[in-house]
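Quick notes on the structure that follows.
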Amino acid sequence: MSEFTEAIAWDGVEATAIVFLIHPEGQKVEPSVPAALTQPKKIRFFALEEDENERILGDRVCSEYSFVYDDVPSDVDGVIRGVLQDALDGGAQVAWAAFEGSFSFDHLLTSDIAEQVYAVADSSGVHLAIDDEVRSSADWTDRVTRLGTSVTG
């Protein structure tokens, strides 16, 4: 079993792909899994709120969507790619998928959490790092941190 598989099925009961979106405040972005791919049994939404005194997103907000499955879908690469592309098409400026417990406004797409991020998306496209070796590479860390810098300035 890969680190990726263990991490998204960490509770031993379900597999959860967690997607984060940065989008304009007041704009609703609801990404979904393309119809041809394995559908989740449920989708959970969370509005992630910044401390009013330490806002780094300006007039943008961050939302989290958790796509819950009984097991890791066999087409997980397509699911992640499809969800992130749908988020961009729906108005997200940036989207990424990461492991449970990786999110913090203090460490938003920084080098110290890059190995916990398994996909990123922006105007340049969707980039996956499902493979454990890819996710632990310097190139991946650079990609994640460049995206983080574009978000936080």
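Here, A, B, ... name the chains of the structure tokens in the order displayed, residue numbers run from 1 inside each chain, and ligands are numbered from 1 in the same displayed order.
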- Message: I'd like to know which residues of chain A are helix (DSSP H, G or I) (by DSSP, run on the backbone); could you write them as number ranges by chain?
- Response: A: 3-8, 52-54, 76-89, 105-107, 111-116, 132-135, 138-152
Filtering to C-alpha atoms, could you give me those residues as a tab-separated table (two decimals), in the first residue's frame?
```
chain	number	residue	atom	x	y	z
A	3	GLU	CA	1.62	6.40	1.45
A	4	PHE	CA	-1.02	8.10	-0.68
A	5	THR	CA	-3.51	5.25	-0.27
A	6	GLU	CA	-2.86	5.01	3.46
A	7	ALA	CA	-3.25	8.76	3.92
A	8	ILE	CA	-6.59	9.17	2.15
A	52	GLU	CA	-9.97	38.84	10.63
A	53	ASN	CA	-6.74	40.43	11.89
A	54	GLU	CA	-4.45	38.31	9.72
A	76	VAL	CA	-8.61	8.21	-8.32
A	77	ASP	CA	-6.21	10.06	-10.67
A	78	GLY	CA	-9.12	10.95	-12.96
A	79	VAL	CA	-11.36	11.84	-10.05
A	80	ILE	CA	-8.84	14.30	-8.60
A	81	ARG	CA	-7.98	15.77	-12.01
A	82	GLY	CA	-11.69	16.11	-12.87
A	83	VAL	CA	-12.67	17.74	-9.59
A	84	LEU	CA	-9.84	20.27	-9.75
A	85	GLN	CA	-10.60	21.13	-13.37
A	86	ASP	CA	-14.29	21.50	-12.53
A	87	ALA	CA	-13.34	23.85	-9.68
A	88	LEU	CA	-11.30	26.02	-12.03
A	89	ASP	CA	-14.07	25.98	-14.64
A	105	PHE	CA	-3.57	29.50	6.77
A	106	ASP	CA	-0.12	29.84	8.37
A	107	HIS	CA	1.28	27.16	6.02
A	111	SER	CA	7.45	23.81	1.48
A	112	ASP	CA	6.84	22.21	4.89
A	113	ILE	CA	3.51	20.72	3.75
A	114	ALA	CA	4.30	20.14	0.05
A	115	GLU	CA	4.59	16.36	0.52
A	116	GLN	CA	1.03	16.35	1.87
A	132	ASP	CA	4.83	9.00	-3.47
A	133	GLU	CA	8.20	9.63	-5.16
A	134	VAL	CA	6.86	12.51	-7.22
A	135	ARG	CA	5.29	14.08	-4.14
A	138	ALA	CA	12.21	18.95	-5.08
A	139	ASP	CA	10.35	19.72	-8.32
A	140	TRP	CA	7.00	19.07	-6.62
A	141	THR	CA	7.95	21.20	-3.61
A	142	ASP	CA	8.89	24.01	-6.01
A	143	ARG	CA	5.55	23.69	-7.85
A	144	VAL	CA	3.55	23.78	-4.60
A	145	THR	CA	5.46	26.72	-3.13
A	146	ARG	CA	5.21	28.74	-6.37
A	147	LEU	CA	1.46	28.24	-6.25
A	148	GLY	CA	1.44	29.24	-2.58
A	149	THR	CA	3.38	32.41	-3.37
A	150	SER	CA	0.87	33.27	-6.11
A	151	VAL	CA	-1.94	32.96	-3.54
A	152	THR	CA	-0.39	34.82	-0.63
```
Counting only C-alpha atoms, closest pick from A:Ser2, A:Ser102, A:Ser137, A:Ser74 relative to Gln39 (chain A) is A:Ser74
Restricting to only C-alpha atoms, whichever of A:Glu14, A:Asp51, A:Glu25, A:Glu30 is closest to Gly90 (chain A) is A:Glu30
Between A:Ala47, A:Ile130, A:Val72, A:Ala36, smallest distance to His23 (chain A) by only C-alpha atoms belongs to A:Ala47
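For the choices A:Gln93, A:Ser32, A:Ser104, A:Thr16, the atom-to-atom distance to Leu48 (chain A) is smallest for A:Ser104 when using only C-alpha atoms.
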Tell me, in Å to one decimal, how far CA of Leu57 (chain A) is from CA of Leu108 (chain A).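 Straight-line distance from CA of Leu57 (chain A) to CA of Leu108 (chain A) works out to 10.4 Å.
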query: Out of A:Glu100, A:Asp122, A:Glu50, A:Glu64, which residue has the shortest atom-to-atom distance to Trp10 (chain A) when counting only C-alpha atoms?
result: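 Nearest candidate to Trp10 (chain A) out of A:Glu100, A:Asp122, A:Glu50, A:Glu64: A:Glu100.
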### Query
Mind pulling up the distance from CA of Ser66 (chain A) to CA of Pro40 (chain A)?
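So the two atoms, CA of Pro40 (chain A) and CA of Ser66 (chain A), lie 9.4 Å apart.
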message: Quick check for you: according to DSSP on this backbone, which residues of chain A are classed as strand (DSSP E or B)? Reply as a ChimeraX atom specification.
response: /A:15-24,42-48,60-69,94-98,117-122,125-128
Selection from above, N, CA and C atoms, as a CSV table (one decimal), in the first residue's frame, can you write it?
```
chain,number,residue,atom,x,y,z
A,15,ALA,N,-12.4,6.3,2.4
A,15,ALA,CA,-11.3,7.0,1.7
A,15,ALA,C,-11.9,8.4,1.4
A,16,THR,N,-11.1,9.5,1.7
A,16,THR,CA,-11.6,10.8,1.5
A,16,THR,C,-10.5,11.6,0.7
A,17,ALA,N,-11.0,12.1,-0.4
A,17,ALA,CA,-10.1,13.1,-1.2
A,17,ALA,C,-10.6,14.5,-0.8
A,18,ILE,N,-9.6,15.2,-0.3
A,18,ILE,CA,-9.9,16.6,0.2
A,18,ILE,C,-9.4,17.6,-0.8
A,19,VAL,N,-10.3,18.5,-1.2
A,19,VAL,CA,-9.9,19.5,-2.1
A,19,VAL,C,-10.2,20.9,-1.5
A,20,PHE,N,-9.2,21.8,-1.8
A,20,PHE,CA,-9.3,23.2,-1.3
A,20,PHE,C,-9.4,24.1,-2.5
A,21,LEU,N,-10.1,25.2,-2.3
A,21,LEU,CA,-10.3,26.1,-3.4
A,21,LEU,C,-10.1,27.5,-2.9
A,22,ILE,N,-9.5,28.4,-3.7
A,22,ILE,CA,-9.4,29.8,-3.4
A,22,ILE,C,-10.3,30.4,-4.5
A,23,HIS,N,-11.3,31.2,-4.1
A,23,HIS,CA,-12.2,31.9,-5.0
A,23,HIS,C,-12.6,33.2,-4.5
A,24,PRO,N,-13.2,34.0,-5.4
A,24,PRO,CA,-13.7,35.3,-4.9
A,24,PRO,C,-14.8,35.2,-3.8
A,42,LYS,N,-20.7,10.6,-0.6
A,42,LYS,CA,-21.1,11.9,0.0
A,42,LYS,C,-20.0,13.0,-0.3
A,43,ILE,N,-20.4,14.2,-0.2
A,43,ILE,CA,-19.5,15.3,-0.4
A,43,ILE,C,-19.8,16.3,0.8
A,44,ARG,N,-18.7,16.6,1.5
A,44,ARG,CA,-18.8,17.5,2.7
A,44,ARG,C,-18.2,18.9,2.3
A,45,PHE,N,-18.8,19.9,2.7
A,45,PHE,CA,-18.4,21.3,2.4
A,45,PHE,C,-18.0,22.0,3.8
A,46,PHE,N,-16.9,22.7,3.7
A,46,PHE,CA,-16.5,23.5,4.9
A,46,PHE,C,-16.0,24.9,4.4
A,47,ALA,N,-16.5,26.0,4.9
A,47,ALA,CA,-16.0,27.3,4.7
A,47,ALA,C,-14.8,27.5,5.7
A,48,LEU,N,-13.6,27.7,5.2
A,48,LEU,CA,-12.5,27.9,6.1
A,48,LEU,C,-12.3,29.4,6.3
A,60,ARG,N,-10.7,37.3,-1.3
A,60,ARG,CA,-10.9,35.9,-1.7
A,60,ARG,C,-11.2,35.0,-0.4
A,61,VAL,N,-11.7,33.8,-0.6
A,61,VAL,CA,-12.0,32.9,0.5
A,61,VAL,C,-11.5,31.6,0.1
A,62,CYS,N,-11.4,30.7,1.1
A,62,CYS,CA,-11.0,29.3,0.9
A,62,CYS,C,-12.1,28.4,1.4
A,63,SER,N,-12.4,27.5,0.5
A,63,SER,CA,-13.4,26.4,0.8
A,63,SER,C,-12.8,25.1,0.7
A,64,GLU,N,-13.3,24.1,1.5
A,64,GLU,CA,-12.9,22.8,1.5
A,64,GLU,C,-14.0,21.9,1.1
A,65,TYR,N,-13.8,20.9,0.2
A,65,TYR,CA,-14.7,19.9,-0.2
A,65,TYR,C,-14.1,18.5,0.1
A,66,SER,N,-14.7,17.7,0.8
A,66,SER,CA,-14.3,16.3,1.0
A,66,SER,C,-15.1,15.4,0.3
A,67,PHE,N,-14.5,14.6,-0.6
A,67,PHE,CA,-15.2,13.6,-1.5
A,67,PHE,C,-15.0,12.3,-0.8
A,68,VAL,N,-16.1,11.7,-0.3
A,68,VAL,CA,-16.0,10.5,0.6
A,68,VAL,C,-16.4,9.2,-0.2
A,69,TYR,N,-15.5,8.2,-0.2
A,69,TYR,CA,-15.8,6.9,-0.8
A,69,TYR,C,-15.7,5.8,0.2
A,94,VAL,N,-7.5,29.0,-7.8
A,94,VAL,CA,-6.5,28.0,-7.4
A,94,VAL,C,-7.2,26.9,-6.7
A,95,ALA,N,-6.8,25.7,-6.9
A,95,ALA,CA,-7.4,24.5,-6.2
A,95,ALA,C,-6.2,23.5,-6.0
A,96,TRP,N,-6.4,22.8,-4.9
A,96,TRP,CA,-5.4,21.7,-4.6
A,96,TRP,C,-6.1,20.6,-3.8
A,97,ALA,N,-5.4,19.5,-3.9
A,97,ALA,CA,-5.9,18.3,-3.1
A,97,ALA,C,-4.8,18.0,-2.1
A,98,ALA,N,-5.1,17.7,-0.9
A,98,ALA,CA,-4.1,17.4,0.2
A,98,ALA,C,-4.7,16.5,1.2
A,117,VAL,N,0.5,17.5,-0.2
A,117,VAL,CA,-0.3,18.0,-1.3
A,117,VAL,C,-0.1,17.1,-2.5
A,118,TYR,N,-1.2,16.5,-3.0
A,118,TYR,CA,-1.1,15.5,-4.0
A,118,TYR,C,-1.7,16.0,-5.4
A,119,ALA,N,-2.1,17.2,-5.5
A,119,ALA,CA,-2.5,17.8,-6.7
A,119,ALA,C,-2.7,19.3,-6.6
A,120,VAL,N,-2.4,20.0,-7.6
A,120,VAL,CA,-2.5,21.5,-7.7
A,120,VAL,C,-3.1,21.9,-9.0
A,121,ALA,N,-3.8,23.0,-9.0
A,121,ALA,CA,-4.4,23.5,-10.3
A,121,ALA,C,-4.5,25.0,-10.2
A,122,ASP,N,-4.2,25.6,-11.4
A,122,ASP,CA,-4.4,27.0,-11.6
A,122,ASP,C,-4.5,27.2,-13.1
A,125,GLY,N,-3.0,24.7,-15.5
A,125,GLY,CA,-3.5,23.4,-15.7
A,125,GLY,C,-3.5,22.6,-14.3
A,126,VAL,N,-3.8,21.4,-14.4
A,126,VAL,CA,-3.9,20.5,-13.2
A,126,VAL,C,-2.7,19.6,-13.2
A,127,HIS,N,-2.0,19.5,-12.1
A,127,HIS,CA,-0.8,18.7,-11.9
A,127,HIS,C,-1.0,17.8,-10.7
A,128,LEU,N,-0.7,16.5,-11.0
A,128,LEU,CA,-0.9,15.5,-10.0
A,128,LEU,C,0.4,15.0,-9.4
```
